[in-house]
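*Asks:* Have a look at this one before I ask anything.
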Amino acid sequence: MPRILKVAAAQVGAVDRDADRAETLARLIALLDQAASEKVQLLLYPEVTFTTFFPRHLFTSSSALNAYFEHNDDLITSPSTAPLFSKAKNYGIDIVVGFAERTDEGKGYNTCVYYSAALGKVINKYRKVHLPGTVEPFEDPEAVNQLEKRYFTPGDLGFPAFRAPGLLPTSSVLKANTSTLKGPIAENEDQGKGDPVMGMLICNDRRWPEAWRSYALQGAELLLIGYNTVAHSPHLWGTTKPMTEEEAEKEALFHSRLVQQSNSYMNSVFSISSARCGLDDGKYNLIGGSAIINPEGHVVAEAKTKDDELVVAEIDLEECRQGREKTFDFGRHRRIEAYGRIGAQTGVVEPELL
Ligand code: CDT
């Protein structure tokens, strides 16, 4: 039985440091309006959706920094963010939205939420696990910084897969069976049925296979990934081979696409990525390349611009079956007795010198 969803990435072009929040919100809503006119059911916005990618800047005043954060529970009530959620509810479109989260205890997380239009509430939250960059700015005043390790705490929620209700006509049929995932495919006839199983990642997380596999082991059929990826930053990316701005951007785009295609294939999962991109403040260049990838690793749809753009596709979640019943049938082929190192070690430990 086909399990078809119409999904989209809401790619967002340049947003300057001092951009008016209301104007940015209006752009996000314009993308939602367009999604509604194209009958999209699920729309993915980028990492830190409502502002510029502020971790590139050093803030010495906490009030200036805090202006970029949303307090945990205010997201769907605050006038600067709420209209996106209420409009999504009215349209019946589920949305995934990234934001800088400030908790009651004062911790900062790079977070995204899944808002279900059917239920009219946030049904899942993810906090970015892999925080790139540095705590202190680079000494070189020309360097592009990425101070995520300064402003955020690594996510503490793990990789929580979840089911999104109300998207498929068959969604309620198997309700009684959807609370737990049981055993390998061959032993579990409900697997790959019911409401779609989803997971969220944020930007740098997409480069880490452990993150994808954690979701795939929960049966995720669709991964949603917002990002802000600097196009040219030798301080962040390294300089094995000196590159022009243009070559560096091409390389960053290549790696972004490489990790999305390969991890979609190796985990038999659809993925959508949505970029904040373009030239912020006329000088900070972020790659575009928002894309929808199928479980065989092929591009289904991709952005053509580095501006506000909707990238839309109709996807059939049944396509996840090919990989997960054959090459990547985890239950039959994974060999956890050989993988101990992956869960036990962070840095590299080389064999002893000869
Ligand atoms: N936002 C984010 O995580 N960006 C990083 C930039 C690379 S820093 C080395 C990314 O992985 O795309």
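In the structure tokens, chains take letters A, B, ... by order of appearance, with residues numbered from 1 within each chain and ligands from 1 in the order shown.
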Got a sec: who's within 12 Å of A:Ala88, counting only C-alpha atoms, leaving out chain neighbours fewer than 4 positions off, as a PDB file with N, CA and C atoms, in the first residue's frame?
*Replies:*
ATOM      1  N   LEU A  28       8.885  33.927   6.326  1.00  0.00           N
ATOM      2  CA  LEU A  28       8.617  32.521   6.691  1.00  0.00           C
ATOM      3  C   LEU A  28       7.150  32.182   6.424  1.00  0.00           C
ATOM      4  N   ILE A  29       6.278  33.147   6.706  1.00  0.00           N
ATOM      5  CA  ILE A  29       4.845  32.925   6.487  1.00  0.00           C
ATOM      6  C   ILE A  29       4.532  32.886   4.987  1.00  0.00           C
ATOM      7  N   ALA A  30       5.243  33.685   4.205  1.00  0.00           N
ATOM      8  CA  ALA A  30       5.031  33.655   2.749  1.00  0.00           C
ATOM      9  C   ALA A  30       5.365  32.260   2.197  1.00  0.00           C
ATOM     10  N   LEU A  31       6.419  31.641   2.745  1.00  0.00           N
ATOM     11  CA  LEU A  31       6.766  30.271   2.315  1.00  0.00           C
ATOM     12  C   LEU A  31       5.680  29.280   2.728  1.00  0.00           C
ATOM     13  N   LEU A  32       5.105  29.519   3.912  1.00  0.00           N
ATOM     14  CA  LEU A  32       4.006  28.651   4.382  1.00  0.00           C
ATOM     15  C   LEU A  32       2.768  28.820   3.486  1.00  0.00           C
ATOM     16  N   ASP A  33       2.486  30.069   3.107  1.00  0.00           N
ATOM     17  CA  ASP A  33       1.347  30.334   2.192  1.00  0.00           C
ATOM     18  C   ASP A  33       1.544  29.579   0.880  1.00  0.00           C
ATOM     19  N   GLN A  34       2.771  29.655   0.365  1.00  0.00           N
ATOM     20  CA  GLN A  34       3.056  28.958  -0.898  1.00  0.00           C
ATOM     21  C   GLN A  34       2.913  27.439  -0.722  1.00  0.00           C
ATOM     22  N   ALA A  35       3.376  26.953   0.425  1.00  0.00           N
ATOM     23  CA  ALA A  35       3.252  25.507   0.700  1.00  0.00           C
ATOM     24  C   ALA A  35       1.772  25.105   0.724  1.00  0.00           C
ATOM     25  N   ALA A  36       0.953  25.959   1.317  1.00  0.00           N
ATOM     26  CA  ALA A  36      -0.491  25.655   1.383  1.00  0.00           C
ATOM     27  C   ALA A  36      -1.074  25.600  -0.024  1.00  0.00           C
ATOM     28  N   VAL A  40       1.113  21.123   0.370  1.00  0.00           N
ATOM     29  CA  VAL A  40       2.174  20.469   1.148  1.00  0.00           C
ATOM     30  C   VAL A  40       1.605  20.089   2.517  1.00  0.00           C
ATOM     31  N   GLN A  41       2.006  18.918   3.028  1.00  0.00           N
ATOM     32  CA  GLN A  41       1.523  18.472   4.345  1.00  0.00           C
ATOM     33  C   GLN A  41       2.537  18.705   5.463  1.00  0.00           C
ATOM     34  N   LEU A  42       3.809  18.743   5.073  1.00  0.00           N
ATOM     35  CA  LEU A  42       4.873  18.882   6.083  1.00  0.00           C
ATOM     36  C   LEU A  42       5.955  19.807   5.540  1.00  0.00           C
ATOM     37  N   LEU A  43       6.277  20.849   6.308  1.00  0.00           N
ATOM     38  CA  LEU A  43       7.220  21.873   5.847  1.00  0.00           C
ATOM     39  C   LEU A  43       8.361  22.011   6.854  1.00  0.00           C
ATOM     40  N   LEU A  44       9.588  21.917   6.339  1.00  0.00           N
ATOM     41  CA  LEU A  44      10.782  21.987   7.193  1.00  0.00           C
ATOM     42  C   LEU A  44      11.484  23.333   7.027  1.00  0.00           C
ATOM     43  N   ILE A  76       5.386  29.058  21.097  1.00  0.00           N
ATOM     44  CA  ILE A  76       4.106  29.109  20.373  1.00  0.00           C
ATOM     45  C   ILE A  76       3.125  30.114  20.960  1.00  0.00           C
ATOM     46  N   THR A  81       6.967  34.716  17.247  1.00  0.00           N
ATOM     47  CA  THR A  81       7.058  33.374  16.655  1.00  0.00           C
ATOM     48  C   THR A  81       5.684  32.713  16.478  1.00  0.00           C
ATOM     49  N   ALA A  82       4.741  33.044  17.348  1.00  0.00           N
ATOM     50  CA  ALA A  82       3.434  32.348  17.384  1.00  0.00           C
ATOM     51  C   ALA A  82       2.678  32.348  16.052  1.00  0.00           C
ATOM     52  N   PRO A  83       2.698  33.474  15.287  1.00  0.00           N
ATOM     53  CA  PRO A  83       1.881  33.478  14.061  1.00  0.00           C
ATOM     54  C   PRO A  83       2.229  32.351  13.084  1.00  0.00           C
ATOM     55  N   LEU A  84       3.486  31.907  13.098  1.00  0.00           N
ATOM     56  CA  LEU A  84       3.867  30.816  12.196  1.00  0.00           C
ATOM     57  C   LEU A  84       3.115  29.530  12.575  1.00  0.00           C
ATOM     58  N   GLY A  92      -3.420  23.355   8.263  1.00  0.00           N
ATOM     59  CA  GLY A  92      -3.298  21.905   8.416  1.00  0.00           C
ATOM     60  C   GLY A  92      -1.958  21.398   7.926  1.00  0.00           C
ATOM     61  N   ILE A  93      -0.916  22.245   8.070  1.00  0.00           N
ATOM     62  CA  ILE A  93       0.437  21.835   7.648  1.00  0.00           C
ATOM     63  C   ILE A  93       1.310  21.624   8.892  1.00  0.00           C
ATOM     64  N   ASP A  94       1.937  20.472   8.988  1.00  0.00           N
ATOM     65  CA  ASP A  94       2.911  20.258  10.067  1.00  0.00           C
ATOM     66  C   ASP A  94       4.172  21.052   9.742  1.00  0.00           C
ATOM     67  N   ILE A  95       4.797  21.635  10.757  1.00  0.00           N
ATOM     68  CA  ILE A  95       6.043  22.376  10.507  1.00  0.00           C
ATOM     69  C   ILE A  95       7.138  21.952  11.493  1.00  0.00           C
ATOM     70  N   VAL A  96       8.356  22.028  10.984  1.00  0.00           N
ATOM     71  CA  VAL A  96       9.536  21.812  11.834  1.00  0.00           C
ATOM     72  C   VAL A  96      10.301  23.127  11.860  1.00  0.00           C
ATOM     73  N   VAL A  97      10.558  23.619  13.063  1.00  0.00           N
ATOM     74  CA  VAL A  97      11.111  24.964  13.223  1.00  0.00           C
ATOM     75  C   VAL A  97      12.316  24.921  14.165  1.00  0.00           C
ATOM     76  N   TYR A 114       8.865  19.780  16.341  1.00  0.00           N
ATOM     77  CA  TYR A 114       7.903  19.319  15.337  1.00  0.00           C
ATOM     78  C   TYR A 114       6.526  19.713  15.850  1.00  0.00           C
ATOM     79  N   TYR A 115       5.849  20.566  15.065  1.00  0.00           N
ATOM     80  CA  TYR A 115       4.508  21.028  15.428  1.00  0.00           C
ATOM     81  C   TYR A 115       3.503  20.272  14.568  1.00  0.00           C
ATOM     82  N   SER A 116       2.593  19.554  15.230  1.00  0.00           N
ATOM     83  CA  SER A 116       1.571  18.792  14.509  1.00  0.00           C
ATOM     84  C   SER A 116       0.313  19.637  14.358  1.00  0.00           C
ATOM     85  N   ALA A 117      -0.079  19.886  13.102  1.00  0.00           N
ATOM     86  CA  ALA A 117      -1.292  20.683  12.873  1.00  0.00           C
ATOM     87  C   ALA A 117      -2.525  19.901  13.334  1.00  0.00           C
ATOM     88  N   ALA A 118      -2.481  18.567  13.180  1.00  0.00           N
ATOM     89  CA  ALA A 118      -3.640  17.750  13.574  1.00  0.00           C
ATOM     90  C   ALA A 118      -3.909  17.869  15.071  1.00  0.00           C
ATOM     91  N   LEU A 119      -2.842  17.925  15.861  1.00  0.00           N
ATOM     92  CA  LEU A 119      -3.011  17.996  17.321  1.00  0.00           C
ATOM     93  C   LEU A 119      -2.926  19.425  17.840  1.00  0.00           C
ATOM     94  N   GLY A 120      -2.461  20.365  16.993  1.00  0.00           N
ATOM     95  CA  GLY A 120      -2.340  21.764  17.408  1.00  0.00           C
ATOM     96  C   GLY A 120      -1.319  21.968  18.504  1.00  0.00           C
ATOM     97  N   LYS A 121      -0.260  21.156  18.491  1.00  0.00           N
ATOM     98  CA  LYS A 121       0.778  21.331  19.513  1.00  0.00           C
ATOM     99  C   LYS A 121       2.108  20.735  19.062  1.00  0.00           C
ATOM    100  N   VAL A 122       3.151  21.130  19.780  1.00  0.00           N
ATOM    101  CA  VAL A 122       4.476  20.546  19.549  1.00  0.00           C
ATOM    102  C   VAL A 122       4.444  19.114  20.058  1.00  0.00           C
TER     103      VAL A 122
END
*Asks:* Can you tell me, as a ChimeraX atom specification, what residues are no more than 7 Å from stretch 1-17 of chain A when counting only C-alpha atoms, ignoring any on the same chain fewer than 2 positions away?
*Replies:* /A:19,31,40-46,51-52,168,272-281,290,306-318
*Asks:* Give me the residues within 10 Å of A:Glu246 as a VMD selection string, counting only C-alpha atoms and dropping any in the same chain fewer than 3 places off.
*Replies:* chain A and resid 231 to 232 243 249 to 251
*Asks:* Need to verify the contact set: A:Ala161, 10 Å, only C-alpha atoms, exclusion of same-chain residues closer than 2 positions in sequence. Can you return it as a PDB file with C-alpha atoms, in the first residue's frame?
*Replies:*
ATOM      1  CA  ASN A 124       8.571  16.357  19.539  1.00  0.00           C
ATOM      2  CA  LYS A 125      11.669  18.323  20.370  1.00  0.00           C
ATOM      3  CA  TYR A 126      15.300  17.764  19.377  1.00  0.00           C
ATOM      4  CA  GLY A 158      19.343  11.838  22.391  1.00  0.00           C
ATOM      5  CA  PHE A 159      17.753  10.989  19.038  1.00  0.00           C
ATOM      6  CA  ARG A 163       5.223   9.233  14.940  1.00  0.00           C
ATOM      7  CA  ALA A 164       3.468  12.146  13.275  1.00  0.00           C
ATOM      8  CA  VAL A 197       8.137   7.508  11.903  1.00  0.00           C
ATOM      9  CA  MET A 198      10.314  10.616  11.865  1.00  0.00           C
ATOM     10  CA  GLY A 199      13.439  12.048  13.396  1.00  0.00           C
ATOM     11  CA  MET A 200      15.115  15.460  13.459  1.00  0.00           C
ATOM     12  CA  SER A 214      20.204   5.918  16.025  1.00  0.00           C
ATOM     13  CA  TYR A 215      17.044   6.998  14.230  1.00  0.00           C
ATOM     14  CA  ALA A 216      17.135   4.149  11.714  1.00  0.00           C
ATOM     15  CA  LEU A 217      17.228   1.676  14.600  1.00  0.00           C
ATOM     16  CA  GLN A 218      13.877   3.140  15.681  1.00  0.00           C
ATOM     17  CA  GLY A 219      12.416   2.590  12.220  1.00  0.00           C
ATOM     18  CA  ALA A 220      12.584   6.239  11.111  1.00  0.00           C
ATOM     19  CA  GLU A 221      11.285   6.707   7.571  1.00  0.00           C
ATOM     20  CA  LEU A 222      11.907  10.445   7.225  1.00  0.00           C
ATOM     21  CA  LEU A 223      14.684  12.599   8.723  1.00  0.00           C
TER      22      LEU A 223
END
*Asks:* Please report as a tab-separated table every residue of chain A lying within 10 Å of ligand 1, along with the nearest atom pair and their distance in Å (one decimal), using only C-alpha atoms and all ligand atoms.
*Replies:*
residue	atom	partner	partner_atom_place_in_ligand_line	distance
A:Pro46	CA	ligand 1	1 (N)	9.8
A:Glu47	CA	ligand 1	1 (N)	7.2
A:Val48	CA	ligand 1	1 (N)	9.0
A:Phe53	CA	ligand 1	1 (N)	7.9
A:Pro55	CA	ligand 1	1 (N)	8.5
A:Arg56	CA	ligand 1	1 (N)	9.5
A:Asn110	CA	ligand 1	1 (N)	9.3
A:Lys128	CA	ligand 1	3 (O)	8.8
A:His130	CA	ligand 1	3 (O)	7.7
A:Leu131	CA	ligand 1	3 (O)	6.4
A:Pro132	CA	ligand 1	8 (S)	5.0
A:Gly133	CA	ligand 1	8 (S)	5.3
A:Thr134	CA	ligand 1	8 (S)	9.0
A:Val144	CA	ligand 1	8 (S)	9.7
A:Asn145	CA	ligand 1	8 (S)	8.6
A:Gln146	CA	ligand 1	8 (S)	6.5
A:Leu147	CA	ligand 1	8 (S)	9.4
A:Glu148	CA	ligand 1	3 (O)	8.1
A:Ile202	CA	ligand 1	3 (O)	7.0
A:Cys203	CA	ligand 1	3 (O)	4.4
A:Asn204	CA	ligand 1	11 (O)	3.4
A:Asp205	CA	ligand 1	11 (O)	7.1
A:Arg206	CA	ligand 1	11 (O)	7.4
A:Arg207	CA	ligand 1	11 (O)	6.8
A:Trp208	CA	ligand 1	11 (O)	9.6
A:Gly226	CA	ligand 1	1 (N)	8.7
A:Tyr227	CA	ligand 1	1 (N)	5.6
A:Asn228	CA	ligand 1	1 (N)	4.5
A:Thr229	CA	ligand 1	12 (O)	3.9
A:Val230	CA	ligand 1	6 (C)	5.6
A:Ala231	CA	ligand 1	6 (C)	8.5
A:His232	CA	ligand 1	7 (C)	9.6
A:Ser233	CA	ligand 1	9 (C)	8.1
A:Pro234	CA	ligand 1	9 (C)	9.1
A:His235	CA	ligand 1	9 (C)	8.3
A:Leu236	CA	ligand 1	9 (C)	4.5
A:Trp237	CA	ligand 1	9 (C)	5.2
A:Gly238	CA	ligand 1	9 (C)	8.5
A:Ala252	CA	ligand 1	12 (O)	8.1
A:Leu253	CA	ligand 1	12 (O)	9.5
A:His255	CA	ligand 1	12 (O)	9.1
A:Ser256	CA	ligand 1	12 (O)	7.3
A:Ala275	CA	ligand 1	12 (O)	9.8
A:Arg276	CA	ligand 1	1 (N)	9.5
A:Leu286	CA	ligand 1	12 (O)	9.2
A:Ile287	CA	ligand 1	12 (O)	9.0
*Asks:* Taking only stretch 69-303 of chain A into account, list the residues labelled alpha helix (DSSP H) by DSSP (computed from the backbone), as a ChimeraX atom specification.
*Replies:* /A:82-91,148-151,209-216,234-237,245-266
*Asks:* Atom CA of A:Asn267 to atom CA of A:Lys149: how many Å, to one decimal?
*Replies:*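 Between atom CA of A:Asn267 and atom CA of A:Lys149 the gap works out to 28.6 Å.
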*Asks:* Quick check, in Å to one decimal: how far apart do atom CA of A:Glu245 and atom CA of A:Lys283 lie?
*Replies:* 11.6 Å
